[in-house]
Amino acid sequence: GLVDVASDPEGKDGVLWHDEHLVVLEDKYPKAAVHYLVLARDPGLARGPSALRAEHADLVARMATVGEKIAREKEGSAGVVFRAGFHAKPSMPQLHLHVISQDLRGSGMKTRRHWNTFATDFFKDAEDVAAVLRRDGKVDWDEEEEESGVAMAKLRCHRCGDGPFNQMPKLFAHLDKCRAPCEKGRKL
């Protein structure tokens with residue numbers, strides 16, 4: 001898993017770049033056309049965002065900067081809107097940041113839960129997380145409350161808010177036509 005990759009990234013499948021603090025790799029089950037993970041190598045951060053403290057704010061900012069730089073270099077993604085952030089309650093151990101294009105149409109985007117972990121407030125933008133760490137010294141959300149919210153959330157377009165849709169194919173059909181700009185994220 002991610003803990004293994006973070007501790008020894010050399011020669012691991014999908015690893016694109018690493019240094020002594022971070023590893024960037026392709027997501028095995030991409031939820032968008034471009035989907036990378038940026039792992040913090042510090043084993044003390046295996047619990048994910050809940051382990052972050054004020055002294056990690058610069059690490060979070062660097063994770064986003066490095067991930068976006070790799071996406072730009074690898075994808076030639078000028079003009080593509082990306083978000084860089086964390087799930088409020090990660091599904092896997094080891095602190096990891098997602099760098100994900102906002103088409104949200106990858107081969108791994110199959111369920112309502114998948115959609116809602118990236119298209120709702122369950123996805124915490126790195127810039128906001130770093131600011132909260134600097135201000136409060138720790139993240140300010142309750143993982144269980146966030147998890148219950150994402151489980152109950154209806155399928156809605158992340159661009160225009162249309163919905164709710166009762167099936168992924170209906171949401172995808174809407175996305176094919178929706179031209180509303182993404183409110184969150186930035187062009188790389």
# chains A, B, ... in the order shown; residues from 1 in each chain; ligands from 1

$ residues_around --residues "Ala119 of chain A" --least-positions-apart "5" --cutoff "10 Å" --atoms "only C-alpha atoms" --output "list in words"
Gln102, Leu104, Arg113, His114, Val150, Leu155, Arg156, Cys157, His158, Arg159 and Lys184 of chain A

$ write_last_selection --atoms "N, CA, C and O atoms" --output "compact mmCIF listing (two decimals), in the first residue's frame"
# COMPACT_ATOMS: atom_id res chain seq x y z
N GLN A 102 -10.49 18.36 -12.99
CA GLN A 102 -11.89 18.52 -12.61
C GLN A 102 -12.89 17.97 -13.63
O GLN A 102 -14.09 18.20 -13.50
N LEU A 104 -13.34 14.81 -13.61
CA LEU A 104 -13.84 13.75 -12.74
C LEU A 104 -14.46 12.60 -13.54
O LEU A 104 -15.50 12.05 -13.18
N ARG A 113 -20.26 7.22 -3.97
CA ARG A 113 -19.26 7.54 -2.95
C ARG A 113 -17.99 8.10 -3.59
O ARG A 113 -17.44 9.09 -3.10
N HIS A 114 -17.53 7.47 -4.68
CA HIS A 114 -16.36 8.01 -5.38
C HIS A 114 -16.61 9.47 -5.74
O HIS A 114 -15.77 10.35 -5.49
N VAL A 150 -20.81 12.53 3.52
CA VAL A 150 -20.51 12.10 2.16
C VAL A 150 -21.36 10.88 1.78
O VAL A 150 -21.79 10.74 0.64
N LEU A 155 -26.08 12.98 -5.62
CA LEU A 155 -25.23 13.26 -6.78
C LEU A 155 -25.62 14.61 -7.38
O LEU A 155 -26.77 14.79 -7.80
N ARG A 156 -24.68 15.53 -7.40
CA ARG A 156 -24.90 16.85 -7.99
C ARG A 156 -23.70 17.22 -8.85
O ARG A 156 -22.58 16.83 -8.55
N CYS A 157 -23.94 18.03 -9.85
CA CYS A 157 -22.86 18.55 -10.69
C CYS A 157 -21.97 19.44 -9.83
O CYS A 157 -22.46 20.33 -9.12
N HIS A 158 -20.66 19.21 -9.90
CA HIS A 158 -19.71 20.01 -9.12
C HIS A 158 -19.46 21.37 -9.76
O HIS A 158 -18.81 22.22 -9.17
N ARG A 159 -19.98 21.58 -10.97
CA ARG A 159 -19.80 22.87 -11.64
C ARG A 159 -21.00 23.78 -11.43
O ARG A 159 -20.85 24.90 -10.97
N LYS A 184 -14.14 25.80 -7.92
CA LYS A 184 -12.95 25.48 -7.13
C LYS A 184 -11.89 24.97 -8.07
O LYS A 184 -12.19 24.44 -9.14

$ residues_around --residues "Gln167 of chain A" --least-positions-apart "4" --cutoff "12 Å" --atoms "only C-alpha atoms" --output "number ranges by chain"
A: 110-113, 115, 154-156, 163, 171-174

$ write_last_selection --atoms "N, CA, C and O atoms" --output "mmCIF file, in the first residue's frame"
data_model
loop_
_atom_site.group_PDB
_atom_site.id
_atom_site.type_symbol
_atom_site.label_atom_id
_atom_site.label_comp_id
_atom_site.auth_asym_id
_atom_site.auth_seq_id
_atom_site.Cartn_x
_atom_site.Cartn_y
_atom_site.Cartn_z
ATOM 1 N N LYS A 110 -16.701 5.313 -10.354
ATOM 2 C CA LYS A 110 -17.790 4.377 -10.629
ATOM 3 C C LYS A 110 -18.987 4.478 -9.695
ATOM 4 O O LYS A 110 -20.065 4.031 -10.050
ATOM 5 N N THR A 111 -18.816 5.036 -8.521
ATOM 6 C CA THR A 111 -19.907 5.012 -7.549
ATOM 7 C C THR A 111 -20.225 6.415 -7.026
ATOM 8 O O THR A 111 -19.425 7.345 -7.157
ATOM 9 N N ARG A 112 -21.390 6.513 -6.404
ATOM 10 C CA ARG A 112 -21.794 7.774 -5.784
ATOM 11 C C ARG A 112 -20.755 8.198 -4.734
ATOM 12 O O ARG A 112 -20.412 9.364 -4.627
ATOM 13 N N ARG A 113 -20.262 7.223 -3.970
ATOM 14 C CA ARG A 113 -19.260 7.538 -2.954
ATOM 15 C C ARG A 113 -17.994 8.103 -3.587
ATOM 16 O O ARG A 113 -17.442 9.095 -3.100
ATOM 17 N N TRP A 115 -17.742 9.724 -6.390
ATOM 18 C CA TRP A 115 -18.064 11.077 -6.840
ATOM 19 C C TRP A 115 -18.057 12.056 -5.671
ATOM 20 O O TRP A 115 -17.426 13.112 -5.710
ATOM 21 N N LYS A 154 -26.331 13.640 -2.071
ATOM 22 C CA LYS A 154 -26.921 13.333 -3.377
ATOM 23 C C LYS A 154 -25.906 13.633 -4.474
ATOM 24 O O LYS A 154 -24.998 14.441 -4.291
ATOM 25 N N LEU A 155 -26.078 12.983 -5.622
ATOM 26 C CA LEU A 155 -25.227 13.263 -6.778
ATOM 27 C C LEU A 155 -25.622 14.608 -7.378
ATOM 28 O O LEU A 155 -26.767 14.791 -7.802
ATOM 29 N N ARG A 156 -24.675 15.534 -7.396
ATOM 30 C CA ARG A 156 -24.901 16.847 -7.991
ATOM 31 C C ARG A 156 -23.701 17.218 -8.846
ATOM 32 O O ARG A 156 -22.579 16.829 -8.551
ATOM 33 N N GLY A 163 -28.965 18.829 -10.235
ATOM 34 C CA GLY A 163 -29.226 17.515 -9.669
ATOM 35 C C GLY A 163 -30.358 17.656 -8.674
ATOM 36 O O GLY A 163 -31.035 18.680 -8.645
ATOM 37 N N LEU A 171 -25.710 11.532 -14.298
ATOM 38 C CA LEU A 171 -24.788 12.605 -13.941
ATOM 39 C C LEU A 171 -23.770 12.821 -15.054
ATOM 40 O O LEU A 171 -23.520 13.954 -15.472
ATOM 41 N N PHE A 172 -23.193 11.737 -15.571
ATOM 42 C CA PHE A 172 -22.192 11.852 -16.634
ATOM 43 C C PHE A 172 -22.799 12.467 -17.899
ATOM 44 O O PHE A 172 -22.144 13.263 -18.579
ATOM 45 N N ALA A 173 -24.047 12.110 -18.219
ATOM 46 C CA ALA A 173 -24.712 12.705 -19.390
ATOM 47 C C ALA A 173 -24.845 14.218 -19.189
ATOM 48 O O ALA A 173 -24.625 15.004 -20.120
ATOM 49 N N HIS A 174 -25.184 14.621 -17.976
ATOM 50 C CA HIS A 174 -25.254 16.056 -17.676
ATOM 51 C C HIS A 174 -23.880 16.705 -17.836
ATOM 52 O O HIS A 174 -23.760 17.777 -18.434
#

$ residues_around --residues "Leu52 of chain A" --least-positions-apart "5" --cutoff "9 Å" --atoms "only C-alpha atoms" --output "compact mmCIF listing (two decimals) with N, CA, C and O atoms, in the first residue's frame"
# COMPACT_ATOMS: atom_id res chain seq x y z
N LEU A 45 2.88 10.49 9.96
CA LEU A 45 1.67 11.05 9.34
C LEU A 45 0.80 9.96 8.71
O LEU A 45 -0.04 10.23 7.86
N ARG A 47 -1.69 8.44 9.86
CA ARG A 47 -3.13 8.61 10.13
C ARG A 47 -3.81 9.55 9.14
O ARG A 47 -5.03 9.65 9.10
N ALA A 57 2.19 22.85 8.04
CA ALA A 57 1.55 23.72 7.04
C ALA A 57 2.42 23.89 5.80
O ALA A 57 1.91 23.82 4.66
N VAL A 60 2.29 20.71 3.67
CA VAL A 60 1.05 20.63 2.89
C VAL A 60 1.15 21.53 1.65
O VAL A 60 0.82 21.10 0.53
N LEU A 95 -0.42 9.84 4.90
CA LEU A 95 -0.90 11.14 4.42
C LEU A 95 -0.68 11.22 2.92
O LEU A 95 0.44 11.05 2.43
N LEU A 133 -4.15 25.01 9.48
CA LEU A 133 -3.03 24.57 10.33
C LEU A 133 -2.28 25.76 10.90
O LEU A 133 -1.92 25.76 12.08
N GLY A 137 -3.55 25.25 14.31
CA GLY A 137 -2.61 24.23 14.74
C GLY A 137 -3.03 22.80 14.44
O GLY A 137 -2.27 21.86 14.69
N LYS A 138 -4.24 22.60 13.90
CA LYS A 138 -4.72 21.27 13.52
C LYS A 138 -5.92 21.44 12.60
O LYS A 138 -6.48 22.53 12.48
N VAL A 139 -6.31 20.36 11.93
CA VAL A 139 -7.47 20.43 11.05
C VAL A 139 -8.73 20.60 11.89
O VAL A 139 -8.77 20.20 13.07

$ atom_distance --atom1 "atom CA of Gly76 of chain A" --atom2 "atom CA of Arg62 of chain A"
20.5 Å

$ select_by_dssp --residues "segment 27-117 of chain A" --states "strand (DSSP E)" --output "JSON, numbers by chain"
{"A": [35, 36, 37, 38, 39, 40, 81, 82, 83, 84, 85, 86, 87, 96, 97, 98, 99, 100, 101]}

$ write_last_selection --atoms "N, CA, C and O atoms" --output "PDB file, in the first residue's frame"
ATOM      1  N   HIS A  35      -4.895  12.116 -12.417  1.00  0.00           N
ATOM      2  CA  HIS A  35      -5.086  11.892 -10.983  1.00  0.00           C
ATOM      3  C   HIS A  35      -3.789  11.335 -10.393  1.00  0.00           C
ATOM      4  O   HIS A  35      -3.434  10.190 -10.645  1.00  0.00           O
ATOM      5  N   TYR A  36      -3.106  12.177  -9.636  1.00  0.00           N
ATOM      6  CA  TYR A  36      -1.869  11.793  -8.971  1.00  0.00           C
ATOM      7  C   TYR A  36      -2.047  11.857  -7.461  1.00  0.00           C
ATOM      8  O   TYR A  36      -2.885  12.606  -6.948  1.00  0.00           O
ATOM      9  N   LEU A  37      -1.224  11.094  -6.767  1.00  0.00           N
ATOM     10  CA  LEU A  37      -1.148  11.155  -5.315  1.00  0.00           C
ATOM     11  C   LEU A  37       0.222  11.686  -4.930  1.00  0.00           C
ATOM     12  O   LEU A  37       1.222  11.307  -5.542  1.00  0.00           O
ATOM     13  N   VAL A  38       0.252  12.547  -3.938  1.00  0.00           N
ATOM     14  CA  VAL A  38       1.511  13.036  -3.367  1.00  0.00           C
ATOM     15  C   VAL A  38       1.542  12.537  -1.929  1.00  0.00           C
ATOM     16  O   VAL A  38       0.704  12.927  -1.112  1.00  0.00           O
ATOM     17  N   LEU A  39       2.478  11.648  -1.652  1.00  0.00           N
ATOM     18  CA  LEU A  39       2.591  11.046  -0.323  1.00  0.00           C
ATOM     19  C   LEU A  39       3.634  11.777   0.501  1.00  0.00           C
ATOM     20  O   LEU A  39       4.715  12.076   0.004  1.00  0.00           O
ATOM     21  N   ALA A  40       3.309  11.993   1.765  1.00  0.00           N
ATOM     22  CA  ALA A  40       4.322  12.446   2.722  1.00  0.00           C
ATOM     23  C   ALA A  40       5.028  11.195   3.213  1.00  0.00           C
ATOM     24  O   ALA A  40       4.384  10.201   3.531  1.00  0.00           O
ATOM     25  N   VAL A  81      -8.274  22.539 -15.436  1.00  0.00           N
ATOM     26  CA  VAL A  81      -8.516  22.926 -14.056  1.00  0.00           C
ATOM     27  C   VAL A  81      -8.245  21.734 -13.144  1.00  0.00           C
ATOM     28  O   VAL A  81      -8.758  20.636 -13.372  1.00  0.00           O
ATOM     29  N   PHE A  82      -7.433  21.977 -12.131  1.00  0.00           N
ATOM     30  CA  PHE A  82      -7.054  20.959 -11.150  1.00  0.00           C
ATOM     31  C   PHE A  82      -7.434  21.413  -9.757  1.00  0.00           C
ATOM     32  O   PHE A  82      -7.511  22.608  -9.485  1.00  0.00           O
ATOM     33  N   ARG A  83      -7.602  20.434  -8.882  1.00  0.00           N
ATOM     34  CA  ARG A  83      -7.653  20.691  -7.445  1.00  0.00           C
ATOM     35  C   ARG A  83      -6.595  19.833  -6.787  1.00  0.00           C
ATOM     36  O   ARG A  83      -6.308  18.730  -7.246  1.00  0.00           O
ATOM     37  N   ALA A  84      -6.053  20.349  -5.707  1.00  0.00           N
ATOM     38  CA  ALA A  84      -5.086  19.610  -4.901  1.00  0.00           C
ATOM     39  C   ALA A  84      -5.622  19.610  -3.480  1.00  0.00           C
ATOM     40  O   ALA A  84      -5.858  20.680  -2.908  1.00  0.00           O
ATOM     41  N   GLY A  85      -5.854  18.405  -2.942  1.00  0.00           N
ATOM     42  CA  GLY A  85      -6.406  18.364  -1.597  1.00  0.00           C
ATOM     43  C   GLY A  85      -6.483  16.972  -1.015  1.00  0.00           C
ATOM     44  O   GLY A  85      -5.998  15.997  -1.603  1.00  0.00           O
ATOM     45  N   PHE A  86      -7.117  16.906   0.137  1.00  0.00           N
ATOM     46  CA  PHE A  86      -7.204  15.694   0.935  1.00  0.00           C
ATOM     47  C   PHE A  86      -8.652  15.277   1.108  1.00  0.00           C
ATOM     48  O   PHE A  86      -9.546  16.122   1.142  1.00  0.00           O
ATOM     49  N   HIS A  87      -8.867  13.989   1.292  1.00  0.00           N
ATOM     50  CA  HIS A  87     -10.167  13.528   1.748  1.00  0.00           C
ATOM     51  C   HIS A  87     -10.250  13.773   3.251  1.00  0.00           C
ATOM     52  O   HIS A  87      -9.273  13.576   3.971  1.00  0.00           O
ATOM     53  N   HIS A  96      -1.762  11.468   2.178  1.00  0.00           N
ATOM     54  CA  HIS A  96      -1.646  11.625   0.731  1.00  0.00           C
ATOM     55  C   HIS A  96      -2.601  12.705   0.249  1.00  0.00           C
ATOM     56  O   HIS A  96      -3.724  12.813   0.709  1.00  0.00           O
ATOM     57  N   LEU A  97      -2.076  13.502  -0.653  1.00  0.00           N
ATOM     58  CA  LEU A  97      -2.805  14.590  -1.273  1.00  0.00           C
ATOM     59  C   LEU A  97      -3.150  14.163  -2.690  1.00  0.00           C
ATOM     60  O   LEU A  97      -2.322  13.553  -3.372  1.00  0.00           O
ATOM     61  N   HIS A  98      -4.360  14.461  -3.123  1.00  0.00           N
ATOM     62  CA  HIS A  98      -4.781  14.173  -4.492  1.00  0.00           C
ATOM     63  C   HIS A  98      -4.565  15.418  -5.349  1.00  0.00           C
ATOM     64  O   HIS A  98      -4.911  16.522  -4.934  1.00  0.00           O
ATOM     65  N   VAL A  99      -3.991  15.237  -6.524  1.00  0.00           N
ATOM     66  CA  VAL A  99      -3.942  16.276  -7.548  1.00  0.00           C
ATOM     67  C   VAL A  99      -4.791  15.712  -8.676  1.00  0.00           C
ATOM     68  O   VAL A  99      -4.441  14.695  -9.279  1.00  0.00           O
ATOM     69  N   ILE A 100      -5.939  16.347  -8.915  1.00  0.00           N
ATOM     70  CA  ILE A 100      -6.948  15.737  -9.772  1.00  0.00           C
ATOM     71  C   ILE A 100      -7.585  16.766 -10.696  1.00  0.00           C
ATOM     72  O   ILE A 100      -7.951  17.859 -10.272  1.00  0.00           O
ATOM     73  N   SER A 101      -7.666  16.405 -11.991  1.00  0.00           N
ATOM     74  CA  SER A 101      -8.325  17.290 -12.950  1.00  0.00           C
ATOM     75  C   SER A 101      -9.830  17.262 -12.687  1.00  0.00           C
ATOM     76  O   SER A 101     -10.385  16.265 -12.217  1.00  0.00           O
TER      77      SER A 101
END

$ closest_residue --among "A:Asp125, A:Asp27, A:Asp4, A:Asp136" --to "Ala54 of chain A" --atoms "only C-alpha atoms"
A:Asp136

$ atom_distance --atom1 "atom CA of Pro9 of chain A" --atom2 "atom CA of Lys28 of chain A"
14.9 Å

$ decode --residues "segment 132-164 of chain A" --atoms "N, CA and C atoms" --output "tab-separated table (two decimals), in the first residue's frame"
chain	number	residue	atom	x	y	z
A	132	VAL	N	-5.66	26.62	7.78
A	132	VAL	CA	-6.23	26.19	9.05
A	132	VAL	C	-5.13	25.73	10.00
A	133	LEU	N	-4.15	25.01	9.48
A	133	LEU	CA	-3.03	24.57	10.33
A	133	LEU	C	-2.28	25.76	10.90
A	134	ARG	N	-2.05	26.76	10.07
A	134	ARG	CA	-1.33	27.95	10.54
A	134	ARG	C	-2.15	28.70	11.60
A	135	ARG	N	-3.45	28.74	11.39
A	135	ARG	CA	-4.33	29.50	12.30
A	135	ARG	C	-4.64	28.73	13.59
A	136	ASP	N	-4.99	27.43	13.45
A	136	ASP	CA	-5.52	26.67	14.59
A	136	ASP	C	-4.59	25.58	15.10
A	137	GLY	N	-3.55	25.25	14.31
A	137	GLY	CA	-2.61	24.23	14.74
A	137	GLY	C	-3.03	22.80	14.44
A	138	LYS	N	-4.24	22.60	13.90
A	138	LYS	CA	-4.72	21.27	13.52
A	138	LYS	C	-5.92	21.44	12.60
A	139	VAL	N	-6.31	20.36	11.93
A	139	VAL	CA	-7.47	20.43	11.05
A	139	VAL	C	-8.73	20.60	11.89
A	140	ASP	N	-9.75	21.17	11.30
A	140	ASP	CA	-10.94	21.57	12.06
A	140	ASP	C	-12.20	20.80	11.69
A	141	TRP	N	-12.05	19.57	11.22
A	141	TRP	CA	-13.24	18.80	10.89
A	141	TRP	C	-13.28	17.50	11.68
A	142	ASP	N	-14.48	16.97	11.81
A	142	ASP	CA	-14.71	15.70	12.49
A	142	ASP	C	-14.83	14.62	11.40
A	143	GLU	N	-13.89	13.66	11.40
A	143	GLU	CA	-13.85	12.64	10.34
A	143	GLU	C	-15.15	11.86	10.23
A	144	GLU	N	-15.71	11.48	11.36
A	144	GLU	CA	-16.94	10.67	11.33
A	144	GLU	C	-18.12	11.47	10.81
A	145	GLU	N	-18.20	12.72	11.20
A	145	GLU	CA	-19.27	13.59	10.71
A	145	GLU	C	-19.13	13.79	9.19
A	146	GLU	N	-17.92	14.01	8.75
A	146	GLU	CA	-17.66	14.18	7.31
A	146	GLU	C	-18.03	12.90	6.56
A	147	GLU	N	-17.65	11.75	7.11
A	147	GLU	CA	-17.94	10.46	6.47
A	147	GLU	C	-19.44	10.25	6.34
A	148	SER	N	-20.17	10.56	7.38
A	148	SER	CA	-21.62	10.38	7.33
A	148	SER	C	-22.24	11.35	6.32
A	149	GLY	N	-21.70	12.56	6.22
A	149	GLY	CA	-22.21	13.53	5.24
A	149	GLY	C	-21.98	13.09	3.82
A	150	VAL	N	-20.81	12.53	3.52
A	150	VAL	CA	-20.51	12.10	2.16
A	150	VAL	C	-21.36	10.88	1.78
A	151	ALA	N	-21.64	10.03	2.76
A	151	ALA	CA	-22.46	8.85	2.50
A	151	ALA	C	-23.90	9.23	2.15
A	152	MET	N	-24.38	10.33	2.71
A	152	MET	CA	-25.76	10.75	2.51
A	152	MET	C	-25.92	11.74	1.34
A	153	ALA	N	-24.84	12.30	0.86
A	153	ALA	CA	-24.93	13.35	-0.16
A	153	ALA	C	-25.51	12.82	-1.47
A	154	LYS	N	-26.33	13.64	-2.07
A	154	LYS	CA	-26.92	13.33	-3.38
A	154	LYS	C	-25.91	13.63	-4.47
A	155	LEU	N	-26.08	12.98	-5.62
A	155	LEU	CA	-25.23	13.26	-6.78
A	155	LEU	C	-25.62	14.61	-7.38
A	156	ARG	N	-24.68	15.53	-7.40
A	156	ARG	CA	-24.90	16.85	-7.99
A	156	ARG	C	-23.70	17.22	-8.85
A	157	CYS	N	-23.94	18.03	-9.85
A	157	CYS	CA	-22.86	18.55	-10.69
A	157	CYS	C	-21.97	19.44	-9.83
A	158	HIS	N	-20.66	19.21	-9.90
A	158	HIS	CA	-19.71	20.01	-9.12
A	158	HIS	C	-19.46	21.37	-9.76
A	159	ARG	N	-19.98	21.58	-10.97
A	159	ARG	CA	-19.80	22.87	-11.64
A	159	ARG	C	-21.00	23.78	-11.43
A	160	CYS	N	-22.20	23.29	-11.78
A	160	CYS	CA	-23.38	24.15	-11.74
A	160	CYS	C	-24.32	23.84	-10.58
A	161	GLY	N	-24.10	22.70	-9.90
A	161	GLY	CA	-24.96	22.33	-8.78
A	161	GLY	C	-26.23	21.60	-9.18
A	162	ASP	N	-26.43	21.37	-10.48
A	162	ASP	CA	-27.65	20.70	-10.94
A	162	ASP	C	-27.74	19.31	-10.34
A	163	GLY	N	-28.96	18.83	-10.24
A	163	GLY	CA	-29.23	17.51	-9.67
A	163	GLY	C	-30.36	17.66	-8.67
A	164	PRO	N	-30.61	16.67	-7.87
A	164	PRO	CA	-29.81	15.45	-7.76
A	164	PRO	C	-30.09	14.48	-8.89
